[in-house]
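What follows is a set of notes on a single structure, which appears directly below.
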Amino acid sequence: MYLRRDRAMIAVIIMVDVAFHAGRSSLVSGGDIAERAGLARRGIEPLLQALSRSGLLESVRGPRGGYRLGRPQRDIGLDEIVRVVVSEDAGAEETAQGALYRNVIEPCWQVLDETIRNEMAALTLEEMVRRAEAAGLRRPVHEPISFSI
């Protein structure tokens, strides 16, 4: 279910952050992602692991390690990101019971869920990075600065 899933939103934040700050060539640390998002590092660690296991992120170990995209930005849709973390969280939520839920709420929610899923499938990380740039956010410069005297 897509509607108002905090885990799903945080996973999208993580992936957009990695796409914006690292892409496929540079690395970004989990601590930096957490700091920019205003989240606890321990809180995003399970999501980083799930996204890495799915192949959406590549994890590089070591003192200069971090995360980068597992595939090009244009090939990763927001729906895929959400599907990864929602599928891992599927058994954790309580499901309502009763005729009202079964005959009215659940069918309506399924239609809304499908609409959101289709909208998210149309959005890629590449589009989200474009939106970040249009909002005036600046990417970090990854080139070393050299001075000549």
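Labels for the structure tokens follow display order: chains A, B, ..., residues from 1 in each chain, ligands from 1.
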
Close residues, Gly66 of chain A itself excluded, 6 Å, only C-alpha atoms, min 2 positions apart in chain, as a ChimeraX atom specification = /A:27-29,59-60

Do a neighbour search on Glu127 of chain A at 12 Å with only C-alpha atoms, toss out local chain neighbours closer than 4 positions, and write the hits as an mmCIF file with N, CA, C and O atoms, in the first residue's frame.
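Written out: around-v5.cif:
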data_model
loop_
_atom_site.group_PDB
_atom_site.id
_atom_site.type_symbol
_atom_site.label_atom_id
_atom_site.label_comp_id
_atom_site.auth_asym_id
_atom_site.auth_seq_id
_atom_site.Cartn_x
_atom_site.Cartn_y
_atom_site.Cartn_z
ATOM 1 N N VAL A 16 16.974 9.706 -3.931
ATOM 2 C CA VAL A 16 17.148 10.995 -4.603
ATOM 3 C C VAL A 16 18.422 11.663 -4.102
ATOM 4 O O VAL A 16 19.170 12.250 -4.878
ATOM 5 N N ALA A 19 21.289 9.946 -5.824
ATOM 6 C CA ALA A 19 21.306 10.342 -7.238
ATOM 7 C C ALA A 19 21.832 11.765 -7.394
ATOM 8 O O ALA A 19 22.619 12.053 -8.296
ATOM 9 N N PHE A 20 21.403 12.648 -6.517
ATOM 10 C CA PHE A 20 21.786 14.053 -6.611
ATOM 11 C C PHE A 20 23.235 14.286 -6.213
ATOM 12 O O PHE A 20 23.952 15.028 -6.868
ATOM 13 N N PRO A 72 21.552 3.425 -13.827
ATOM 14 C CA PRO A 72 21.395 4.838 -14.202
ATOM 15 C C PRO A 72 20.096 5.433 -13.641
ATOM 16 O O PRO A 72 19.087 4.727 -13.499
ATOM 17 N N GLN A 73 20.126 6.722 -13.368
ATOM 18 C CA GLN A 73 18.973 7.435 -12.810
ATOM 19 C C GLN A 73 17.719 7.246 -13.648
ATOM 20 O O GLN A 73 16.626 7.111 -13.109
ATOM 21 N N ARG A 74 17.873 7.270 -14.942
ATOM 22 C CA ARG A 74 16.702 7.183 -15.831
ATOM 23 C C ARG A 74 16.036 5.813 -15.783
ATOM 24 O O ARG A 74 14.909 5.662 -16.226
ATOM 25 N N ASP A 75 16.732 4.814 -15.239
ATOM 26 C CA ASP A 75 16.203 3.450 -15.188
ATOM 27 C C ASP A 75 15.598 3.071 -13.843
ATOM 28 O O ASP A 75 15.199 1.927 -13.645
ATOM 29 N N ILE A 76 15.538 4.012 -12.914
ATOM 30 C CA ILE A 76 14.996 3.713 -11.584
ATOM 31 C C ILE A 76 13.756 4.573 -11.358
ATOM 32 O O ILE A 76 13.852 5.795 -11.223
ATOM 33 N N GLY A 77 12.601 3.928 -11.309
ATOM 34 C CA GLY A 77 11.349 4.623 -11.041
ATOM 35 C C GLY A 77 11.054 4.653 -9.554
ATOM 36 O O GLY A 77 11.455 3.763 -8.805
ATOM 37 N N LEU A 78 10.334 5.670 -9.140
ATOM 38 C CA LEU A 78 9.985 5.786 -7.730
ATOM 39 C C LEU A 78 9.139 4.607 -7.259
ATOM 40 O O LEU A 78 9.257 4.178 -6.120
ATOM 41 N N MET A 120 3.790 7.139 -9.727
ATOM 42 C CA MET A 120 5.179 6.954 -9.301
ATOM 43 C C MET A 120 6.001 6.233 -10.364
ATOM 44 O O MET A 120 7.198 6.483 -10.499
ATOM 45 N N ALA A 121 5.365 5.350 -11.120
ATOM 46 C CA ALA A 121 6.075 4.641 -12.189
ATOM 47 C C ALA A 121 6.531 5.613 -13.270
ATOM 48 O O ALA A 121 7.537 5.375 -13.949
ATOM 49 N N ALA A 122 5.807 6.707 -13.433
ATOM 50 C CA ALA A 122 6.156 7.696 -14.448
ATOM 51 C C ALA A 122 7.299 8.608 -14.004
ATOM 52 O O ALA A 122 7.892 9.303 -14.827
ATOM 53 N N LEU A 123 7.617 8.615 -12.712
ATOM 54 C CA LEU A 123 8.693 9.455 -12.193
ATOM 55 C C LEU A 123 9.961 8.635 -12.003
ATOM 56 O O LEU A 123 9.943 7.597 -11.354
ATOM 57 N N ARG A 131 14.218 18.179 -10.851
ATOM 58 C CA ARG A 131 13.387 19.009 -9.976
ATOM 59 C C ARG A 131 14.217 19.650 -8.862
ATOM 60 O O ARG A 131 13.977 20.794 -8.488
ATOM 61 N N ALA A 132 15.180 18.910 -8.333
ATOM 62 C CA ALA A 132 16.057 19.463 -7.297
ATOM 63 C C ALA A 132 16.881 20.616 -7.866
ATOM 64 O O ALA A 132 17.029 21.663 -7.220
ATOM 65 N N GLU A 133 17.396 20.439 -9.059
ATOM 66 C CA GLU A 133 18.169 21.505 -9.704
ATOM 67 C C GLU A 133 17.286 22.717 -9.998
ATOM 68 O O GLU A 133 17.694 23.861 -9.793
ATOM 69 N N ALA A 134 16.054 22.471 -10.458
ATOM 70 C CA ALA A 134 15.119 23.565 -10.744
ATOM 71 C C ALA A 134 14.737 24.315 -9.469
ATOM 72 O O ALA A 134 14.429 25.505 -9.510
#

So how far away is atom CA of Val111 of chain A from atom CA of Leu125 of chain A, in Å?
-> 24.8 Å

Using the chain letters and numbers from this document, which residues of chain A does DSSP assign to helix (DSSP H, G or I), as a VMD selection string?
-> chain A and resid 6 to 21 30 to 37 41 to 54 73 to 75 78 to 88 90 to 92 99 to 121 125 to 134

Would you list the contacts of segment 36-45 of chain A as a PyMOL selection string, taking every protein, DNA or RNA residue within 8 Å and counting only C-alpha atoms, but skipping same-chain residues closer than 4 positions in sequence?
-> chain A and resi 10+13+30-32+49

Atoms kept (C-alpha atoms) for selection, written as a CSV table (one decimal), in the first residue's frame:
chain,number,residue,atom,x,y,z
A,10,ILE,CA,12.4,8.0,3.4
A,13,ILE,CA,14.6,10.6,0.0
A,30,GLY,CA,25.1,7.0,5.0
A,31,GLY,CA,25.9,9.6,7.7
A,32,ASP,CA,25.8,12.4,5.1
A,49,GLN,CA,20.5,-2.4,3.3

Which residues, written as a ChimeraX atom specification, have at least one atom at most 8 Å from Glu58 of chain A, with only C-alpha atoms counted and residues fewer than 4 positions away on the same chain left out?
-> /A:52,67-70

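Shortest separation to Asp17 of chain A among A:Ala135, A:Arg102, A:Val129, A:Trp109 occurs at residue A:Val129, atoms counted being only C-alpha atoms.
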
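Atom CA of Asp6 of chain A sits 24.1 Å away from atom CA of Arg71 of chain A.
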
Nearest to Ser26 of chain A: which of A:Ala96, A:Glu80, A:Arg64, A:Met128 is it, counting only C-alpha atoms?
-> A:Arg64

Please, which residues of chain A, numbered as in this document, come out strand (DSSP E) from DSSP, as a PDB file with N, CA and C atoms, in the first residue's frame?
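To be explicit, this is the file written out as selection03.pdb:
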ATOM      1  N   LEU A  57      20.897   0.317  -5.006  1.00  0.00           N
ATOM      2  CA  LEU A  57      22.116   0.976  -4.533  1.00  0.00           C
ATOM      3  C   LEU A  57      23.257  -0.021  -4.565  1.00  0.00           C
ATOM      4  N   GLU A  58      24.470   0.504  -4.742  1.00  0.00           N
ATOM      5  CA  GLU A  58      25.684  -0.291  -4.556  1.00  0.00           C
ATOM      6  C   GLU A  58      26.331   0.205  -3.277  1.00  0.00           C
ATOM      7  N   SER A  59      26.722  -0.725  -2.446  1.00  0.00           N
ATOM      8  CA  SER A  59      27.373  -0.398  -1.192  1.00  0.00           C
ATOM      9  C   SER A  59      28.867  -0.689  -1.334  1.00  0.00           C
ATOM     10  N   VAL A  60      29.693   0.278  -0.973  1.00  0.00           N
ATOM     11  CA  VAL A  60      31.145   0.112  -1.007  1.00  0.00           C
ATOM     12  C   VAL A  60      31.644   0.212   0.417  1.00  0.00           C
ATOM     13  N   GLY A  66      30.780   4.001   0.918  1.00  0.00           N
ATOM     14  CA  GLY A  66      29.517   4.719   0.881  1.00  0.00           C
ATOM     15  C   GLY A  66      28.570   4.043  -0.089  1.00  0.00           C
ATOM     16  N   TYR A  67      27.699   4.843  -0.662  1.00  0.00           N
ATOM     17  CA  TYR A  67      26.669   4.320  -1.560  1.00  0.00           C
ATOM     18  C   TYR A  67      26.668   5.092  -2.858  1.00  0.00           C
ATOM     19  N   ARG A  68      26.330   4.374  -3.921  1.00  0.00           N
ATOM     20  CA  ARG A  68      26.090   4.990  -5.227  1.00  0.00           C
ATOM     21  C   ARG A  68      24.950   4.225  -5.877  1.00  0.00           C
ATOM     22  N   LEU A  69      24.413   4.780  -6.935  1.00  0.00           N
ATOM     23  CA  LEU A  69      23.299   4.135  -7.618  1.00  0.00           C
ATOM     24  C   LEU A  69      23.741   2.824  -8.252  1.00  0.00           C
TER      25      LEU A  69
END

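When only C-alpha atoms are used to measure the gap to Ser87 of chain A, the shortest distance among A:Ala50, A:Ile105, A:Leu56, A:Leu137 belongs to A:Ala50.
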
Contacts of Val85 of chain A at 10 Å (only C-alpha atoms; same-chain gap of 5+ positions) as a ChimeraX atom specification = /A:5,7-12,46-48,50-51,54,80,90

Suppose we keep N, CA and C atoms; can you now write the selection as a short mmCIF file (atom, residue, chain, number, x, y, z; two decimals), in the first residue's frame?
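Final file, result-v8.cif:
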data_model
loop_
_atom_site.label_atom_id
_atom_site.label_comp_id
_atom_site.auth_asym_id
_atom_site.auth_seq_id
_atom_site.Cartn_x
_atom_site.Cartn_y
_atom_site.Cartn_z
N ARG A 5 3.23 6.16 3.57
CA ARG A 5 4.18 5.19 4.14
C ARG A 5 5.47 5.92 4.44
N ARG A 7 8.26 4.84 5.67
CA ARG A 7 9.41 4.09 5.15
C ARG A 7 9.59 4.34 3.65
N ALA A 8 8.50 4.38 2.92
CA ALA A 8 8.56 4.59 1.48
C ALA A 8 9.10 5.99 1.17
N MET A 9 8.61 6.99 1.88
CA MET A 9 9.09 8.35 1.63
C MET A 9 10.57 8.49 1.98
N ILE A 10 10.98 7.89 3.06
CA ILE A 10 12.39 7.97 3.45
C ILE A 10 13.26 7.25 2.43
N ALA A 11 12.80 6.11 1.91
CA ALA A 11 13.56 5.40 0.87
C ALA A 11 13.70 6.27 -0.38
N VAL A 12 12.65 6.97 -0.75
CA VAL A 12 12.73 7.87 -1.92
C VAL A 12 13.70 9.01 -1.62
N PRO A 46 18.51 0.21 7.96
CA PRO A 46 17.77 -0.92 7.37
C PRO A 46 17.30 -0.63 5.94
N LEU A 47 16.95 0.62 5.68
CA LEU A 47 16.52 0.99 4.32
C LEU A 47 17.69 0.95 3.35
N LEU A 48 18.84 1.45 3.78
CA LEU A 48 20.04 1.38 2.93
C LEU A 48 20.37 -0.07 2.59
N ALA A 50 18.24 -2.67 2.54
CA ALA A 50 17.21 -3.20 1.64
C ALA A 50 17.41 -2.70 0.22
N LEU A 51 17.73 -1.42 0.07
CA LEU A 51 17.96 -0.86 -1.26
C LEU A 51 19.22 -1.44 -1.89
N SER A 54 18.49 -5.04 -3.09
CA SER A 54 17.65 -5.05 -4.29
C SER A 54 18.44 -4.67 -5.54
N GLU A 80 9.48 1.52 -8.07
CA GLU A 80 10.37 0.40 -7.75
C GLU A 80 11.01 0.59 -6.37
N ALA A 90 5.76 -5.73 4.64
CA ALA A 90 4.38 -6.17 4.40
C ALA A 90 3.71 -6.80 5.61
#
